[in-house]
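Okay, so here's the structure we're looking at.
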Amino acid sequence: MRDLVSLSYLPIVLAVAVLLGACARTSNKNETVLTFSGSALGAEGTLVQKQLKRFMVLNPGIRVELQRTPDDASQRHQLYVQWLNARVGNPSILQLDVVWTPEFAAAGWVLPLSRYGPSSGDFFPATIEANTWAGKLYALPWFADVGLLYRRTDLISGEPKTLEEMVASAHGAMSRRGGPRYGIVWQGARYEGLITGFVEYLGAFGGRIIDDKGEVVVNRPEAVRALEFMRDELYGSHVAPLDVLTWHEEEARFAFQNGNAAFMRNWPYPVAAMSDTAQSKVAGKFAVSPIPKSGTAPAGHSTAALGGAQLAINAYSEHPNAAYKLIAYLTAPEQMLERAQAVGQYPTRPALYDDPRLKTAIAIPLDDARRAIESATPRPVTPIYTELSEILQIELHRALVRQAEPRDALNSAAARINTLIDRTGMRKLMSQTSRGQ
């Protein structure tokens with residue numbers, strides 16, 4: 001079931017949206033008023049306001065108001081769902097998490113962008129795939145987030161080429177005199193972070209959750225091997241902490257940052273803190289790369305889970321053309337470069353990775369960042385992803401804590417996901433739109 005904010009909060013949420021709409025209607029009749037809802041905290045918020053002001057200078061007939069929403073993704077999702085269910089036209093532009101686009105598109109809450117002719121080839125393919133539903137593009141990728149493998153360069157000289165080499169290097173680092181307590185730290189709690197890690201190991205063994213025909217294949221042999229690897233090699237062999245199955249991103253970051261691990265699976269955000277000699281014991285002693293493929297799976301490939309933010313047009317907006325004009329501006333190369341320089345977020349345009357100005361903006365080598373995004377894989381692109389994820393979280397965790405065998409857990413997950421797809425009538429649509437999930 002989709003999470004919702006408390007019903008007692010709904011009247012307040014709707015009242016705010018109605019008030020914003022009233023303000024727009026009473027403004028200068030010759031002025032188009034847009035409301036933009038996106039990240040608005042700290043340096044990112046400062047940047048957004050700076051770019052919106054510059055857009056208004058370039059487009060004097062358009063006024064943009066920043067509509068603040070919670071920075072927490074779940075809370076923002078809850079507000080969006082309530083506003084859009086009520087057919088409220090504000091915010092005009094929505095910042096979406098990478099897994100929300102098909103849900104909002106299938107519900108009719110965001111507009112397809114085909115009428116505006118965006119050049120999808122200018123963006124990394126995975127970011128376009130994640131924002132395409134029923135053959136139509138519904139959002140433009142604003143910035144990318146990808147799963148990375150962090151490595152202690154003072155303990156392990158070279159990037160591991162296979163998962164098996166990674167585990168062997170982790171054990172070797174732990175066995176060294178004065179070596180770290182842990183070989184690898186990761187996100188093993190029962191939440192979305194567990195799914196992103198599973199997606200990476202699944203790709204490493206050549207598996208998928210849903211195939212090109214929309215068939216659930218999460219219980220195929222490749223997937224079983226991936227889950228067995230997570231249970232036996234990443235946990236059961238004691239290369240990870242005993243309590244890693246309760247860990248999220250920050251527990252892993254602190255362990256690695258404090259010098260207690262040889263490897264870490266995480267997102268790009270820890271790089272800045274871990275490069276600060278005032279707070280990090282591994283400053284200048286780590287590198288990043290995508291999770292490697294398995295050396296025992298010919299169909300496997302290096303895989304990074306795709307995250308990040310996208311910009312879409314509210315289907316109930318009174319000014320969709322102006323809204324797209326703002327989206328096109330914010331996702332243009334110069335604004336993406338400025339965002340990278342201000343807050344270190346990764347552009348979704350491959351061409352920018354050849355721009356020397358980006359080199360000083362991204363905290364890791366550009367080639368490593370590009371490789372990670374090129375190996376990025378979206379989670380299943382489906383409107384029912386939230387429910388699908390909840391099923392997988394439960395079954396994966398059952399296998400990792402040895403309450404079920406990996407094969408049995410994945411058979412259960414496949415059966416439950418198939419029931420969900422049939423119940424929601426998604427079978428035909430998913431067979432038409434699935435691409436390399």
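Just remember, in the structure tokens the first chain shown is A, the second B, etc., residues are 1-based per chain, and ligands are 1-based in the order shown.
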
Members of segment 130-320 of chain A assigned strand (DSSP E) by DSSP, as a VMD selection string: chain A and resid 132 to 133 136 to 137 140 to 146 148 to 152 182 to 185 261 to 266 286 to 289 304 to 313

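Taking only C-alpha atoms, the non-local environment of segment 329-344 of chain A within 8 Å (same-chain residues fewer than 6 positions away omitted) comprises Ala43, Glu44, Leu47, Gln51, Phe55, Leu140, Pro141, Trp142, Phe143, Leu352, Arg357, Leu358, Thr360, Ala361, Ile362 and Ala363 of chain A.
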
What does the file look like for those residues with N, CA and C atoms, as a PDB file, in the first residue's frame?
ATOM      1  N   ALA A  43      22.865  24.690   0.346  1.00  0.00           N
ATOM      2  CA  ALA A  43      23.474  25.189  -0.883  1.00  0.00           C
ATOM      3  C   ALA A  43      22.620  24.874  -2.102  1.00  0.00           C
ATOM      4  N   GLU A  44      21.928  23.732  -2.065  1.00  0.00           N
ATOM      5  CA  GLU A  44      21.070  23.360  -3.192  1.00  0.00           C
ATOM      6  C   GLU A  44      19.895  24.325  -3.314  1.00  0.00           C
ATOM      7  N   LEU A  47      21.089  27.605  -4.738  1.00  0.00           N
ATOM      8  CA  LEU A  47      21.313  27.491  -6.176  1.00  0.00           C
ATOM      9  C   LEU A  47      19.993  27.542  -6.943  1.00  0.00           C
ATOM     10  N   GLN A  51      19.012  30.254  -9.843  1.00  0.00           N
ATOM     11  CA  GLN A  51      18.681  29.900 -11.219  1.00  0.00           C
ATOM     12  C   GLN A  51      17.271  30.339 -11.598  1.00  0.00           C
ATOM     13  N   PHE A  55      16.283  32.875 -14.627  1.00  0.00           N
ATOM     14  CA  PHE A  55      15.277  32.508 -15.626  1.00  0.00           C
ATOM     15  C   PHE A  55      14.251  33.624 -15.780  1.00  0.00           C
ATOM     16  N   LEU A 140      12.293  15.090 -17.615  1.00  0.00           N
ATOM     17  CA  LEU A 140      13.691  15.220 -18.022  1.00  0.00           C
ATOM     18  C   LEU A 140      14.578  15.012 -16.809  1.00  0.00           C
ATOM     19  N   PRO A 141      15.642  14.195 -16.965  1.00  0.00           N
ATOM     20  CA  PRO A 141      16.546  13.932 -15.843  1.00  0.00           C
ATOM     21  C   PRO A 141      17.337  15.176 -15.465  1.00  0.00           C
ATOM     22  N   TRP A 142      17.264  15.561 -14.204  1.00  0.00           N
ATOM     23  CA  TRP A 142      17.872  16.795 -13.702  1.00  0.00           C
ATOM     24  C   TRP A 142      19.299  16.542 -13.226  1.00  0.00           C
ATOM     25  N   PHE A 143      19.470  15.564 -12.350  1.00  0.00           N
ATOM     26  CA  PHE A 143      20.804  15.129 -11.938  1.00  0.00           C
ATOM     27  C   PHE A 143      20.745  13.655 -11.594  1.00  0.00           C
ATOM     28  N   LEU A 352      28.810  16.723 -21.051  1.00  0.00           N
ATOM     29  CA  LEU A 352      29.427  17.566 -20.022  1.00  0.00           C
ATOM     30  C   LEU A 352      30.648  16.911 -19.397  1.00  0.00           C
ATOM     31  N   ARG A 357      35.599  22.152 -17.273  1.00  0.00           N
ATOM     32  CA  ARG A 357      35.076  22.859 -16.106  1.00  0.00           C
ATOM     33  C   ARG A 357      34.432  21.902 -15.104  1.00  0.00           C
ATOM     34  N   LEU A 358      33.983  20.748 -15.578  1.00  0.00           N
ATOM     35  CA  LEU A 358      33.349  19.789 -14.676  1.00  0.00           C
ATOM     36  C   LEU A 358      34.376  19.078 -13.798  1.00  0.00           C
ATOM     37  N   THR A 360      36.761  20.112 -11.925  1.00  0.00           N
ATOM     38  CA  THR A 360      36.959  20.666 -10.585  1.00  0.00           C
ATOM     39  C   THR A 360      35.671  20.651  -9.767  1.00  0.00           C
ATOM     40  N   ALA A 361      34.540  20.326 -10.403  1.00  0.00           N
ATOM     41  CA  ALA A 361      33.256  20.342  -9.702  1.00  0.00           C
ATOM     42  C   ALA A 361      32.919  18.995  -9.077  1.00  0.00           C
ATOM     43  N   ILE A 362      33.303  17.918  -9.741  1.00  0.00           N
ATOM     44  CA  ILE A 362      32.998  16.569  -9.260  1.00  0.00           C
ATOM     45  C   ILE A 362      34.160  16.066  -8.417  1.00  0.00           C
ATOM     46  N   ALA A 363      33.840  15.514  -7.260  1.00  0.00           N
ATOM     47  CA  ALA A 363      34.880  15.155  -6.291  1.00  0.00           C
ATOM     48  C   ALA A 363      35.624  13.877  -6.640  1.00  0.00           C
TER      49      ALA A 363
END

With a distance cut-off of 9 Å and only C-alpha atoms, select the neighbouring residues of Leu34 of chain A, excluding the residue or stretch itself and same-chain residues fewer than 2 positions from it, and output the selection as a short mmCIF file (atom, residue, chain, number, x, y, z; two decimals) with N, CA, C and O atoms, in the first residue's frame.
data_model
loop_
_atom_site.label_atom_id
_atom_site.label_comp_id
_atom_site.auth_asym_id
_atom_site.auth_seq_id
_atom_site.Cartn_x
_atom_site.Cartn_y
_atom_site.Cartn_z
N ALA A 24 -1.92 33.14 -7.68
CA ALA A 24 -1.58 33.18 -9.09
C ALA A 24 -2.68 33.88 -9.89
O ALA A 24 -2.42 34.66 -10.79
N THR A 32 2.61 35.39 -16.41
CA THR A 32 2.39 33.97 -16.18
C THR A 32 3.09 33.58 -14.89
O THR A 32 4.29 33.84 -14.73
N PHE A 36 7.34 26.23 -8.58
CA PHE A 36 8.36 25.19 -8.75
C PHE A 36 8.58 24.51 -7.41
O PHE A 36 8.82 25.16 -6.38
N ILE A 62 7.27 35.84 -17.19
CA ILE A 62 7.02 34.68 -16.33
C ILE A 62 7.57 34.93 -14.93
O ILE A 62 8.73 35.32 -14.79
N ARG A 63 6.74 34.70 -13.95
CA ARG A 63 7.20 34.78 -12.55
C ARG A 63 7.16 33.37 -11.96
O ARG A 63 6.18 32.64 -12.12
N VAL A 64 8.23 33.00 -11.29
CA VAL A 64 8.33 31.66 -10.69
C VAL A 64 8.39 31.78 -9.18
O VAL A 64 9.23 32.50 -8.64
N GLU A 65 7.48 31.08 -8.52
CA GLU A 65 7.47 31.04 -7.06
C GLU A 65 7.97 29.67 -6.60
O GLU A 65 7.58 28.65 -7.17
N LEU A 66 8.83 29.67 -5.60
CA LEU A 66 9.36 28.41 -5.07
C LEU A 66 8.38 27.87 -4.03
O LEU A 66 8.11 28.53 -3.03
N ASN A 90 -0.90 23.31 -8.73
CA ASN A 90 0.38 23.73 -8.16
C ASN A 90 0.94 22.60 -7.31
O ASN A 90 0.18 21.94 -6.61
N PRO A 91 2.23 22.37 -7.35
CA PRO A 91 3.28 23.05 -8.11
C PRO A 91 3.14 22.79 -9.62
O PRO A 91 2.72 21.71 -10.03
N SER A 92 3.53 23.76 -10.43
CA SER A 92 3.49 23.60 -11.89
C SER A 92 4.54 22.59 -12.34
O SER A 92 4.31 21.82 -13.27
N ILE A 93 5.71 22.63 -11.68
CA ILE A 93 6.83 21.73 -12.01
C ILE A 93 7.11 20.88 -10.78
O ILE A 93 7.23 21.40 -9.67
N SER A 317 -1.57 21.89 -14.46
CA SER A 317 -1.03 23.24 -14.52
C SER A 317 -1.76 24.06 -15.59
O SER A 317 -2.08 23.54 -16.66
N GLU A 318 -1.99 25.34 -15.30
CA GLU A 318 -2.62 26.23 -16.27
C GLU A 318 -1.63 26.70 -17.34
O GLU A 318 -2.05 27.25 -18.37
N HIS A 319 -0.33 26.50 -17.10
CA HIS A 319 0.69 27.03 -18.00
C HIS A 319 1.73 25.96 -18.34
O HIS A 319 2.91 26.11 -18.02
N ALA A 322 4.89 27.20 -20.47
CA ALA A 322 5.86 27.96 -19.67
C ALA A 322 6.60 27.03 -18.72
O ALA A 322 7.80 27.20 -18.46
N ALA A 323 5.88 26.04 -18.18
CA ALA A 323 6.50 25.08 -17.27
C ALA A 323 7.61 24.31 -17.99
O ALA A 323 8.70 24.11 -17.44
#

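With atom CA of Leu163 of chain A on one side and atom CA of Gly295 of chain A on the other, the separation reads 6.8 Å.
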
Which residues are close to Arg225 of chain A, i.e. within 12 Å by only C-alpha atoms, leaving aside same-chain residues fewer than 3 positions away? Reply as a compact mmCIF listing (two decimals) with C-alpha atoms, in the first residue's frame.
# COMPACT_ATOMS: atom_id res chain seq x y z
CA PHE A 198 20.32 -6.25 -4.93
CA TYR A 201 24.49 -7.79 -7.66
CA LEU A 202 21.64 -9.01 -9.84
CA GLY A 203 23.19 -7.27 -12.85
CA ALA A 204 26.62 -8.61 -11.90
CA PHE A 205 25.27 -12.14 -12.33
CA GLY A 206 23.26 -11.30 -15.47
CA GLY A 207 19.84 -11.32 -13.83
CA ARG A 208 16.83 -9.01 -13.80
CA VAL A 218 13.48 -12.47 -10.23
CA ASN A 219 13.49 -16.16 -9.33
CA ARG A 220 15.65 -17.29 -12.28
CA PRO A 221 19.00 -19.01 -11.51
CA GLU A 222 20.98 -15.78 -12.03
CA GLU A 228 23.22 -16.43 -2.42
CA PHE A 229 26.30 -14.27 -3.02
CA MET A 230 24.87 -11.52 -0.83
CA ARG A 231 23.96 -13.97 1.94
CA ASP A 232 27.06 -16.18 1.89
CA GLU A 233 29.90 -13.97 0.61
CA SER A 294 30.82 -11.75 -11.31
CA THR A 296 31.51 -16.84 -12.84
CA ALA A 297 28.60 -15.39 -14.84
CA GLY A 300 26.97 -10.55 -15.92
CA GLU A 405 16.49 -20.20 1.41
CA PRO A 406 17.28 -17.72 -1.41
CA ARG A 407 15.46 -19.82 -4.02
CA LEU A 410 12.64 -15.41 -4.63

Minimum-distance residue to Ser289 of chain A, chosen among A:Ala130, A:Met264, A:Val244, A:Ile209 (using only C-alpha atoms): A:Met264
